[in-house]
Structures are given as structure tokens and as C-alpha cells.
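File shown: my_file.pdb (PDB, C-alpha atoms).
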MODEL        1
ATOM      1  CA  MET A   1      39.895  37.223  57.135  1.00  0.00           C
ATOM      2  CA  ASN A   2      38.568  40.759  56.800  1.00  0.00           C
ATOM      3  CA  GLN A   3      39.870  40.865  53.217  1.00  0.00           C
ATOM      4  CA  LEU A   4      37.952  37.685  52.292  1.00  0.00           C
ATOM      5  CA  LYS A   5      34.738  39.090  53.747  1.00  0.00           C
ATOM      6  CA  ALA A   6      35.205  42.212  51.682  1.00  0.00           C
ATOM      7  CA  ILE A   7      35.659  40.169  48.475  1.00  0.00           C
ATOM      8  CA  PHE A   8      32.509  38.055  49.091  1.00  0.00           C
ATOM      9  CA  SER A   9      30.472  41.133  49.872  1.00  0.00           C
ATOM     10  CA  ARG A  10      31.351  42.598  46.475  1.00  0.00           C
ATOM     11  CA  MET A  11      30.243  39.328  44.725  1.00  0.00           C
ATOM     12  CA  LYS A  12      26.633  39.382  46.035  1.00  0.00           C
ATOM     13  CA  VAL A  13      23.855  39.304  43.402  1.00  0.00           C
ATOM     14  CA  PRO A  14      21.701  42.433  43.300  1.00  0.00           C
ATOM     15  CA  GLN A  15      18.251  42.125  44.919  1.00  0.00           C
ATOM     16  CA  GLY A  16      16.495  42.792  41.611  1.00  0.00           C
ATOM     17  CA  GLY A  17      17.178  39.159  40.447  1.00  0.00           C
ATOM     18  CA  ALA A  18      19.024  38.111  37.316  1.00  0.00           C
ATOM     19  CA  PRO A  19      20.526  40.846  35.126  1.00  0.00           C
ATOM     20  CA  GLN A  20      18.331  42.085  32.314  1.00  0.00           C
ATOM     21  CA  GLY A  21      20.941  41.077  29.755  1.00  0.00           C
ATOM     22  CA  SER A  22      20.839  37.389  30.723  1.00  0.00           C
ATOM     23  CA  SER A  23      17.007  37.354  30.688  1.00  0.00           C
ATOM     24  CA  ALA A  24      16.915  38.851  27.198  1.00  0.00           C
ATOM     25  CA  GLY A  25      19.512  36.346  26.011  1.00  0.00           C
ATOM     26  CA  LEU A  26      17.458  33.439  27.341  1.00  0.00           C
ATOM     27  CA  SER A  27      14.311  34.715  25.618  1.00  0.00           C
ATOM     28  CA  PHE A  28      16.235  35.057  22.370  1.00  0.00           C
ATOM     29  CA  LEU A  29      17.477  31.453  22.585  1.00  0.00           C
ATOM     30  CA  VAL A  30      13.951  30.185  23.267  1.00  0.00           C
ATOM     31  CA  LEU A  31      12.529  32.113  20.305  1.00  0.00           C
ATOM     32  CA  LEU A  32      15.390  30.935  18.102  1.00  0.00           C
ATOM     33  CA  GLY A  33      14.748  27.309  19.082  1.00  0.00           C
ATOM     34  CA  LEU A  34      11.024  27.606  18.414  1.00  0.00           C
ATOM     35  CA  GLY A  35      11.668  29.283  15.085  1.00  0.00           C
ATOM     36  CA  THR A  36      14.137  26.603  14.032  1.00  0.00           C
ATOM     37  CA  TYR A  37      11.744  23.822  15.048  1.00  0.00           C
ATOM     38  CA  GLY A  38       8.817  25.451  13.253  1.00  0.00           C
ATOM     39  CA  GLY A  39      10.825  26.154  10.114  1.00  0.00           C
ATOM     40  CA  TYR A  40      12.181  22.622   9.921  1.00  0.00           C
ATOM     41  CA  HIS A  41       8.839  20.897  10.471  1.00  0.00           C
ATOM     42  CA  SER A  42       6.901  23.251   8.202  1.00  0.00           C
ATOM     43  CA  MET A  43       8.775  22.077   5.100  1.00  0.00           C
ATOM     44  CA  VAL A  44       7.705  18.806   3.460  1.00  0.00           C
ATOM     45  CA  THR A  45       9.578  17.477   0.447  1.00  0.00           C
ATOM     46  CA  VAL A  46       7.537  15.176  -1.781  1.00  0.00           C
ATOM     47  CA  GLN A  47       9.694  12.857  -3.864  1.00  0.00           C
ATOM     48  CA  PRO A  48       9.054  12.133  -7.586  1.00  0.00           C
ATOM     49  CA  GLY A  49       6.263   9.619  -8.100  1.00  0.00           C
ATOM     50  CA  HIS A  50       4.552  10.633  -4.861  1.00  0.00           C
ATOM     51  CA  LYS A  51       1.627  12.842  -3.925  1.00  0.00           C
ATOM     52  CA  GLY A  52       0.033  13.741  -0.615  1.00  0.00           C
ATOM     53  CA  VAL A  53      -2.894  15.163   1.298  1.00  0.00           C
ATOM     54  CA  VAL A  54      -2.957  17.129   4.548  1.00  0.00           C
ATOM     55  CA  TYR A  55      -4.668  16.150   7.796  1.00  0.00           C
ATOM     56  CA  ASN A  56      -5.663  19.144   9.939  1.00  0.00           C
ATOM     57  CA  ARG A  57      -6.021  18.602  13.697  1.00  0.00           C
ATOM     58  CA  ILE A  58      -8.880  21.101  13.810  1.00  0.00           C
ATOM     59  CA  GLY A  59     -10.839  20.566  10.606  1.00  0.00           C
ATOM     60  CA  GLY A  60      -9.835  16.999   9.750  1.00  0.00           C
ATOM     61  CA  LEU A  61      -8.679  15.857   6.326  1.00  0.00           C
ATOM     62  CA  ASP A  62      -8.269  18.759   3.886  1.00  0.00           C
ATOM     63  CA  GLU A  63      -8.799  17.231   0.438  1.00  0.00           C
ATOM     64  CA  ASN A  64      -8.212  20.575  -1.269  1.00  0.00           C
ATOM     65  CA  HIS A  65      -4.691  20.915   0.126  1.00  0.00           C
ATOM     66  CA  ILE A  66      -2.676  18.657  -2.191  1.00  0.00           C
ATOM     67  CA  LEU A  67       1.034  18.091  -1.704  1.00  0.00           C
ATOM     68  CA  LYS A  68       2.742  17.850  -5.089  1.00  0.00           C
ATOM     69  CA  GLU A  69       6.293  16.917  -6.014  1.00  0.00           C
ATOM     70  CA  GLY A  70       8.894  19.246  -4.556  1.00  0.00           C
ATOM     71  CA  LEU A  71       8.857  21.504  -1.502  1.00  0.00           C
ATOM     72  CA  ASN A  72       5.543  22.078   0.290  1.00  0.00           C
ATOM     73  CA  ILE A  73       4.674  24.155   3.364  1.00  0.00           C
ATOM     74  CA  VAL A  74       2.462  22.998   6.252  1.00  0.00           C
ATOM     75  CA  VAL A  75       1.723  24.420   9.699  1.00  0.00           C
ATOM     76  CA  PRO A  76       3.689  22.407  12.295  1.00  0.00           C
ATOM     77  CA  TRP A  77       1.631  20.357  14.779  1.00  0.00           C
ATOM     78  CA  PHE A  78      -1.703  21.626  13.363  1.00  0.00           C
ATOM     79  CA  GLN A  79      -1.206  19.965   9.966  1.00  0.00           C
ATOM     80  CA  ARG A  80       0.189  16.504   9.226  1.00  0.00           C
ATOM     81  CA  PRO A  81       1.219  15.440   5.704  1.00  0.00           C
ATOM     82  CA  VAL A  82       0.137  12.038   4.385  1.00  0.00           C
ATOM     83  CA  VAL A  83       2.199  11.066   1.334  1.00  0.00           C
ATOM     84  CA  PHE A  84       1.249   8.258  -1.079  1.00  0.00           C
ATOM     85  CA  ASP A  85       3.377   6.408  -3.603  1.00  0.00           C
ATOM     86  CA  ILE A  86       1.433   6.842  -6.867  1.00  0.00           C
ATOM     87  CA  ARG A  87       3.818   4.775  -9.000  1.00  0.00           C
ATOM     88  CA  THR A  88       2.765   1.393 -10.384  1.00  0.00           C
ATOM     89  CA  ARG A  89       3.807  -1.425  -8.059  1.00  0.00           C
ATOM     90  CA  PRO A  90       3.529  -5.242  -8.311  1.00  0.00           C
ATOM     91  CA  GLN A  91       1.597  -7.278  -5.770  1.00  0.00           C
ATOM     92  CA  PRO A  92       1.679 -11.112  -5.863  1.00  0.00           C
ATOM     93  CA  ILE A  93      -1.474 -12.692  -4.462  1.00  0.00           C
ATOM     94  CA  ASP A  94      -2.319 -16.381  -3.969  1.00  0.00           C
ATOM     95  CA  THR A  95      -5.883 -17.635  -3.725  1.00  0.00           C
ATOM     96  CA  THR A  96      -7.676 -20.986  -3.662  1.00  0.00           C
ATOM     97  CA  SER A  97     -10.980 -21.555  -5.466  1.00  0.00           C
ATOM     98  CA  GLY A  98     -13.282 -24.404  -6.478  1.00  0.00           C
ATOM     99  CA  SER A  99     -13.794 -25.233 -10.145  1.00  0.00           C
ATOM    100  CA  LYS A 100     -17.087 -26.145 -11.812  1.00  0.00           C
ATOM    101  CA  ASP A 101     -16.387 -29.857 -11.284  1.00  0.00           C
ATOM    102  CA  LEU A 102     -15.546 -29.228  -7.604  1.00  0.00           C
ATOM    103  CA  GLN A 103     -11.764 -29.433  -7.919  1.00  0.00           C
ATOM    104  CA  MET A 104      -9.717 -27.157  -5.661  1.00  0.00           C
ATOM    105  CA  VAL A 105      -7.442 -24.875  -7.648  1.00  0.00           C
ATOM    106  CA  THR A 106      -4.613 -22.706  -6.300  1.00  0.00           C
ATOM    107  CA  ILE A 107      -4.002 -19.628  -8.430  1.00  0.00           C
ATOM    108  CA  SER A 108      -1.141 -17.135  -8.161  1.00  0.00           C
ATOM    109  CA  LEU A 109      -1.693 -13.712  -9.668  1.00  0.00           C
ATOM    110  CA  ARG A 110       0.552 -10.720 -10.238  1.00  0.00           C
ATOM    111  CA  VAL A 111      -1.320  -7.447  -9.919  1.00  0.00           C
ATOM    112  CA  LEU A 112       0.198  -4.123 -11.046  1.00  0.00           C
ATOM    113  CA  PHE A 113      -1.608  -1.390  -9.118  1.00  0.00           C
ATOM    114  CA  LYS A 114      -1.491   2.236  -8.025  1.00  0.00           C
ATOM    115  CA  PRO A 115      -3.876   4.607  -6.242  1.00  0.00           C
ATOM    116  CA  ASP A 116      -5.968   7.070  -8.217  1.00  0.00           C
ATOM    117  CA  PRO A 117      -3.927  10.281  -7.715  1.00  0.00           C
ATOM    118  CA  ASN A 118      -7.118  12.360  -7.830  1.00  0.00           C
ATOM    119  CA  GLN A 119      -8.829  10.360  -5.075  1.00  0.00           C
ATOM    120  CA  LEU A 120      -6.168  10.195  -2.357  1.00  0.00           C
ATOM    121  CA  GLY A 121      -8.470  11.891   0.143  1.00  0.00           C
ATOM    122  CA  PHE A 122     -11.135   9.205  -0.334  1.00  0.00           C
ATOM    123  CA  ILE A 123      -8.560   6.419  -0.096  1.00  0.00           C
ATOM    124  CA  TYR A 124      -7.004   7.736   3.111  1.00  0.00           C
ATOM    125  CA  ARG A 125     -10.345   8.460   4.788  1.00  0.00           C
ATOM    126  CA  ARG A 126     -12.039   5.168   3.872  1.00  0.00           C
ATOM    127  CA  LEU A 127      -9.144   2.718   3.595  1.00  0.00           C
ATOM    128  CA  GLY A 128      -6.017   4.228   5.124  1.00  0.00           C
ATOM    129  CA  SER A 129      -2.476   4.389   3.811  1.00  0.00           C
ATOM    130  CA  ASP A 130      -2.294   0.555   3.708  1.00  0.00           C
ATOM    131  CA  TYR A 131      -5.199   0.386   1.273  1.00  0.00           C
ATOM    132  CA  ASP A 132      -3.492  -2.251  -0.881  1.00  0.00           C
ATOM    133  CA  VAL A 133      -3.250  -4.740   1.997  1.00  0.00           C
ATOM    134  CA  ARG A 134      -6.866  -4.105   2.985  1.00  0.00           C
ATOM    135  CA  VAL A 135      -8.467  -4.282  -0.462  1.00  0.00           C
ATOM    136  CA  LEU A 136      -6.457  -6.238  -3.051  1.00  0.00           C
ATOM    137  CA  PRO A 137      -6.425  -9.718  -1.417  1.00  0.00           C
ATOM    138  CA  SER A 138     -10.158  -9.458  -0.730  1.00  0.00           C
ATOM    139  CA  ILE A 139     -11.278  -8.467  -4.225  1.00  0.00           C
ATOM    140  CA  VAL A 140      -8.819 -10.873  -5.893  1.00  0.00           C
ATOM    141  CA  ASN A 141     -10.299 -13.735  -3.878  1.00  0.00           C
ATOM    142  CA  GLU A 142     -13.826 -12.574  -4.723  1.00  0.00           C
ATOM    143  CA  VAL A 143     -13.229 -12.286  -8.464  1.00  0.00           C
ATOM    144  CA  THR A 144     -11.193 -15.474  -8.922  1.00  0.00           C
ATOM    145  CA  LYS A 145     -13.825 -17.556  -7.117  1.00  0.00           C
ATOM    146  CA  ALA A 146     -16.515 -16.153  -9.404  1.00  0.00           C
ATOM    147  CA  VAL A 147     -14.493 -16.843 -12.562  1.00  0.00           C
ATOM    148  CA  VAL A 148     -13.010 -20.240 -11.688  1.00  0.00           C
ATOM    149  CA  ALA A 149     -16.462 -21.580 -10.761  1.00  0.00           C
ATOM    150  CA  GLN A 150     -17.471 -21.208 -14.437  1.00  0.00           C
ATOM    151  CA  TYR A 151     -14.833 -23.656 -15.738  1.00  0.00           C
ATOM    152  CA  ASN A 152     -13.951 -27.295 -15.254  1.00  0.00           C
ATOM    153  CA  ALA A 153     -10.470 -28.096 -14.026  1.00  0.00           C
ATOM    154  CA  SER A 154      -9.346 -29.242 -17.467  1.00  0.00           C
ATOM    155  CA  GLU A 155     -10.738 -26.063 -19.075  1.00  0.00           C
ATOM    156  CA  LEU A 156      -8.671 -23.925 -16.724  1.00  0.00           C
ATOM    157  CA  LEU A 157      -5.608 -25.378 -18.414  1.00  0.00           C
ATOM    158  CA  THR A 158      -6.799 -25.405 -22.026  1.00  0.00           C
ATOM    159  CA  LYS A 159      -8.467 -21.981 -21.768  1.00  0.00           C
ATOM    160  CA  ARG A 160      -5.951 -20.317 -19.487  1.00  0.00           C
ATOM    161  CA  ASP A 161      -5.662 -17.156 -21.621  1.00  0.00           C
ATOM    162  CA  ALA A 162      -9.438 -16.673 -21.647  1.00  0.00           C
ATOM    163  CA  VAL A 163      -9.628 -17.216 -17.886  1.00  0.00           C
ATOM    164  CA  SER A 164      -6.807 -14.723 -17.300  1.00  0.00           C
ATOM    165  CA  LEU A 165      -8.511 -12.122 -19.502  1.00  0.00           C
ATOM    166  CA  GLN A 166     -11.836 -12.521 -17.710  1.00  0.00           C
ATOM    167  CA  VAL A 167     -10.189 -12.217 -14.295  1.00  0.00           C
ATOM    168  CA  ARG A 168      -8.351  -9.116 -15.474  1.00  0.00           C
ATOM    169  CA  ARG A 169     -11.477  -7.368 -16.747  1.00  0.00           C
ATOM    170  CA  MET A 170     -13.556  -8.123 -13.669  1.00  0.00           C
ATOM    171  CA  LEU A 171     -10.770  -7.212 -11.267  1.00  0.00           C
ATOM    172  CA  ILE A 172     -10.070  -3.854 -12.934  1.00  0.00           C
ATOM    173  CA  LYS A 173     -13.753  -2.960 -12.730  1.00  0.00           C
ATOM    174  CA  ARG A 174     -14.029  -4.083  -9.091  1.00  0.00           C
ATOM    175  CA  ALA A 175     -10.927  -2.123  -8.044  1.00  0.00           C
ATOM    176  CA  GLU A 176     -12.400   1.075  -9.496  1.00  0.00           C
ATOM    177  CA  ASP A 177     -14.987   1.006  -6.685  1.00  0.00           C
ATOM    178  CA  PHE A 178     -12.107   1.706  -4.289  1.00  0.00           C
ATOM    179  CA  HIS A 179     -10.322   4.167  -6.628  1.00  0.00           C
ATOM    180  CA  ILE A 180      -7.455   1.748  -7.178  1.00  0.00           C
ATOM    181  CA  LEU A 181      -6.091   1.587 -10.723  1.00  0.00           C
ATOM    182  CA  LEU A 182      -4.859  -1.752 -12.070  1.00  0.00           C
ATOM    183  CA  ASP A 183      -2.446  -1.571 -14.998  1.00  0.00           C
ATOM    184  CA  ASP A 184      -2.205  -5.326 -15.471  1.00  0.00           C
ATOM    185  CA  VAL A 185      -3.391  -8.615 -13.986  1.00  0.00           C
ATOM    186  CA  ALA A 186      -1.849 -11.949 -14.965  1.00  0.00           C
ATOM    187  CA  ILE A 187      -2.054 -15.559 -13.781  1.00  0.00           C
ATOM    188  CA  THR A 188       1.520 -16.636 -13.021  1.00  0.00           C
ATOM    189  CA  HIS A 189       0.851 -20.106 -11.606  1.00  0.00           C
ATOM    190  CA  LEU A 190      -2.034 -22.571 -11.494  1.00  0.00           C
ATOM    191  CA  SER A 191      -2.029 -25.865  -9.592  1.00  0.00           C
ATOM    192  CA  PHE A 192      -4.526 -28.514  -8.498  1.00  0.00           C
ATOM    193  CA  SER A 193      -4.846 -30.861  -5.543  1.00  0.00           C
ATOM    194  CA  ARG A 194      -2.562 -33.896  -5.289  1.00  0.00           C
ATOM    195  CA  GLU A 195      -5.457 -36.280  -5.895  1.00  0.00           C
ATOM    196  CA  TYR A 196      -6.497 -34.560  -9.121  1.00  0.00           C
ATOM    197  CA  THR A 197      -2.906 -34.292 -10.354  1.00  0.00           C
ATOM    198  CA  ALA A 198      -2.339 -37.992  -9.659  1.00  0.00           C
ATOM    199  CA  ALA A 199      -5.572 -38.889 -11.503  1.00  0.00           C
ATOM    200  CA  VAL A 200      -4.538 -36.831 -14.548  1.00  0.00           C
ATOM    201  CA  GLU A 201      -1.102 -38.459 -14.621  1.00  0.00           C
ATOM    202  CA  ALA A 202      -2.657 -41.928 -14.333  1.00  0.00           C
ATOM    203  CA  LYS A 203      -5.023 -41.129 -17.207  1.00  0.00           C
ATOM    204  CA  GLN A 204      -2.134 -39.961 -19.368  1.00  0.00           C
ATOM    205  CA  VAL A 205      -0.178 -43.137 -18.633  1.00  0.00           C
ATOM    206  CA  ALA A 206      -3.209 -45.257 -19.510  1.00  0.00           C
ATOM    207  CA  GLN A 207      -3.637 -43.409 -22.815  1.00  0.00           C
ATOM    208  CA  GLN A 208       0.033 -43.916 -23.656  1.00  0.00           C
ATOM    209  CA  ASP A 209      -0.220 -47.633 -22.864  1.00  0.00           C
ATOM    210  CA  SER A 210      -3.308 -47.884 -25.052  1.00  0.00           C
ATOM    211  CA  GLU A 211      -1.550 -46.193 -27.976  1.00  0.00           C
ATOM    212  CA  ARG A 212       1.462 -48.442 -27.512  1.00  0.00           C
ATOM    213  CA  ALA A 213      -0.710 -51.557 -27.496  1.00  0.00           C
ATOM    214  CA  LYS A 214      -2.023 -50.749 -30.993  1.00  0.00           C
ATOM    215  CA  TYR A 215       1.414 -51.386 -32.460  1.00  0.00           C
ATOM    216  CA  ILE A 216       2.051 -54.633 -30.615  1.00  0.00           C
ATOM    217  CA  VAL A 217       1.377 -57.674 -32.795  1.00  0.00           C
TER
ENDMDL
END

Could you render the structure as C-alpha cells?
Amino acid sequence: MNQLKAIFSRMKVPQGGAPQGSSAGLSFLVLLGLGTYGGYHSMVTVQPGHKGVVYNRIGGLDENHILKEGLNIVVPWFQRPVVFDIRTRPQPIDTTSGSKDLQMVTISLRVLFKPDPNQLGFIYRRLGSDYDVRVLPSIVNEVTKAVVAQYNASELLTKRDAVSLQVRRMLIKRAEDFHILLDDVAITHLSFSREYTAAVEAKQVAQQDSERAKYIV
């Protein structure tokens, strides 16, 4: 028993607290962890076809700090990168409008768009990173209603190329107000109400019957 007491007495921790070596080791591990975290989060890799701006928690959006393709450096926590895809992308949009003769027309368009790479700060501040969802359906609906209202239903079919060209020109100009660039706009599908389609088919059948009757003796 006396031997065990002697052993435990030799194992007592000194009154000064933890050894200086262990305290220094702990501080080193903390600094190493912070350095690793800061180094990892300070590097931002921007992929080809992308470009970004930097949001600063203190000063707000920094439009002069542009993130280009490749490796970029930001200050962790204080700065947040916002990266945009500046490549041309397709967006199918469906809209319904009334023609000049009050026929409802459903039009499907394919819009090839991209953000203006020199105006990413404006786009993010005013519209957000989902600018395409916020803007494109709205302006497409606005422009197609204005154009379709100038034509009768039959003219929309016979003058489809002219209608498509007019929609394209007006839509490109309207999108510039939001710094969105449109490379192409095309009408991919055009359909009318069931009543109008049935009336057109009935008229065609009547014309065919009339032509056939001319040759009947």
C-alpha cells in the first residue's frame, strides 16, 4: 500500500497548470487550422465561360473587383464571390396573345441569351443571379402581345417570317434595357384555339368540295 501511494504522489500534475509545451502545441494547431481554412476559402477558381463580381460585407457590391477566368483571391468571410455564366444559353418560352381579329394564339419562342459581361454588377444588384427567370418571360410576353396584335390570325401564318423578325428586333432592343444580350430569337411553334382551327379546316373542306363540284357533270 505504501508503494502505491508513493507512485501516485509522483504522478501529480504541477500546480502551475498544463505544461508550456502542450499549450504551445495547442496554439500551433489552432493557428494551423485557421490558416488552412483561410487559404482554402480565399481561392476562387472561375471556370472558362464564366465571370464574377465580389460582394463585400462592409462596403457592399464592389463592381471594380472583377473575377476573371482562372484563380482569383478574395478575403474569406468579408468577401463573397458571385460568378455568372456568360456563355450563350437557350431559353424556351411559351406565351399566349390575341391577334388583330381577336383570335387567341399560343406562340413558342426559343431565345438565345447571355448577360452583358461588362454589366454584371448592375445585373446582380438590380435583378439577382436568376435574372433570366425574372426578366425574359416578362419581356417576351410584352413584345409578342404588341406584335401579334398587329396581324390577323391568317397573316400570322402567311407572314410568319416577318412576324418572327419583328419580334426579334423588338425583343433585342427591350432586353438591352436590362443589359441582357440576345443572340437569336425564333418562333418554333404557333397554334390557335380549337374553335379557330376547326373553322379553318371546315373552310378548307368546303373549298375542296366546291372545286370538286366544278368537274362533276

Considering all atoms listed in the file, give me a table of residues in segment 92-148 of chain A that are at most 10 Å from segment 40-59 of chain A, with the closest atom pair and distance in Å for each, as JSON lines.
{"residue": "A:Pro117", "atom": "CA", "partner": "A:Lys51", "partner_atom": "CA", "distance": 7.2}
{"residue": "A:Asn118", "atom": "CA", "partner": "A:Lys51", "partner_atom": "CA", "distance": 9.6}
{"residue": "A:Gln119", "atom": "CA", "partner": "A:Val53", "partner_atom": "CA", "distance": 9.9}
{"residue": "A:Leu120", "atom": "CA", "partner": "A:Val53", "partner_atom": "CA", "distance": 7.0}
{"residue": "A:Gly121", "atom": "CA", "partner": "A:Val53", "partner_atom": "CA", "distance": 6.6}
{"residue": "A:Tyr124", "atom": "CA", "partner": "A:Val53", "partner_atom": "CA", "distance": 8.7}

task: Determine the residue set returned by the PyMOL selection byres ((chain A and resi 133-145) around 7) for the present structure, and present it as a list in words.
output: Ile93, Thr95, Ser97, Gly98, Asp130, Tyr131, Asp132, Ala146, Val147, Val148, Ala149, Val167, Met170 and Leu171 of chain A

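Take the candidates A:Ile66, A:Leu156, A:Leu102, A:Val111 and check each one against Ser191 of chain A using only C-alpha atoms; the shortest distance goes to A:Leu156.
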
Atom pair atom CA of Leu112 of chain A + atom CA of Leu190 of chain A, distance 18.6 Å

note - atom CA of Phe122 of chain A and atom CA of Leu61 of chain A are separated by 9.7 Å

Please provide as a count of residues only all residues within 9 Å of segment 183-186 of chain A, with the sequence filter that same-chain residues fewer than 4 positions apart are discarded (counting only C-alpha atoms). 15

Using all atoms of segment 78-82 of chain A listed in the file and a margin of 8 Å per side, can you give the axis-aligned box centre and edge lengths in Å to one decimal, as AutoDock Vina command-line options?
--center_x -0.2 --center_y 16.8 --center_z 8.9 --size_x 18.9 --size_y 25.6 --size_z 25.0

ask   = So what do you get for atom CA of Arg80 of chain A versus atom CA of Ser129 of chain A, distance-wise?
value =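 Between atom CA of Arg80 of chain A and atom CA of Ser129 of chain A the gap works out to 13.5 Å.
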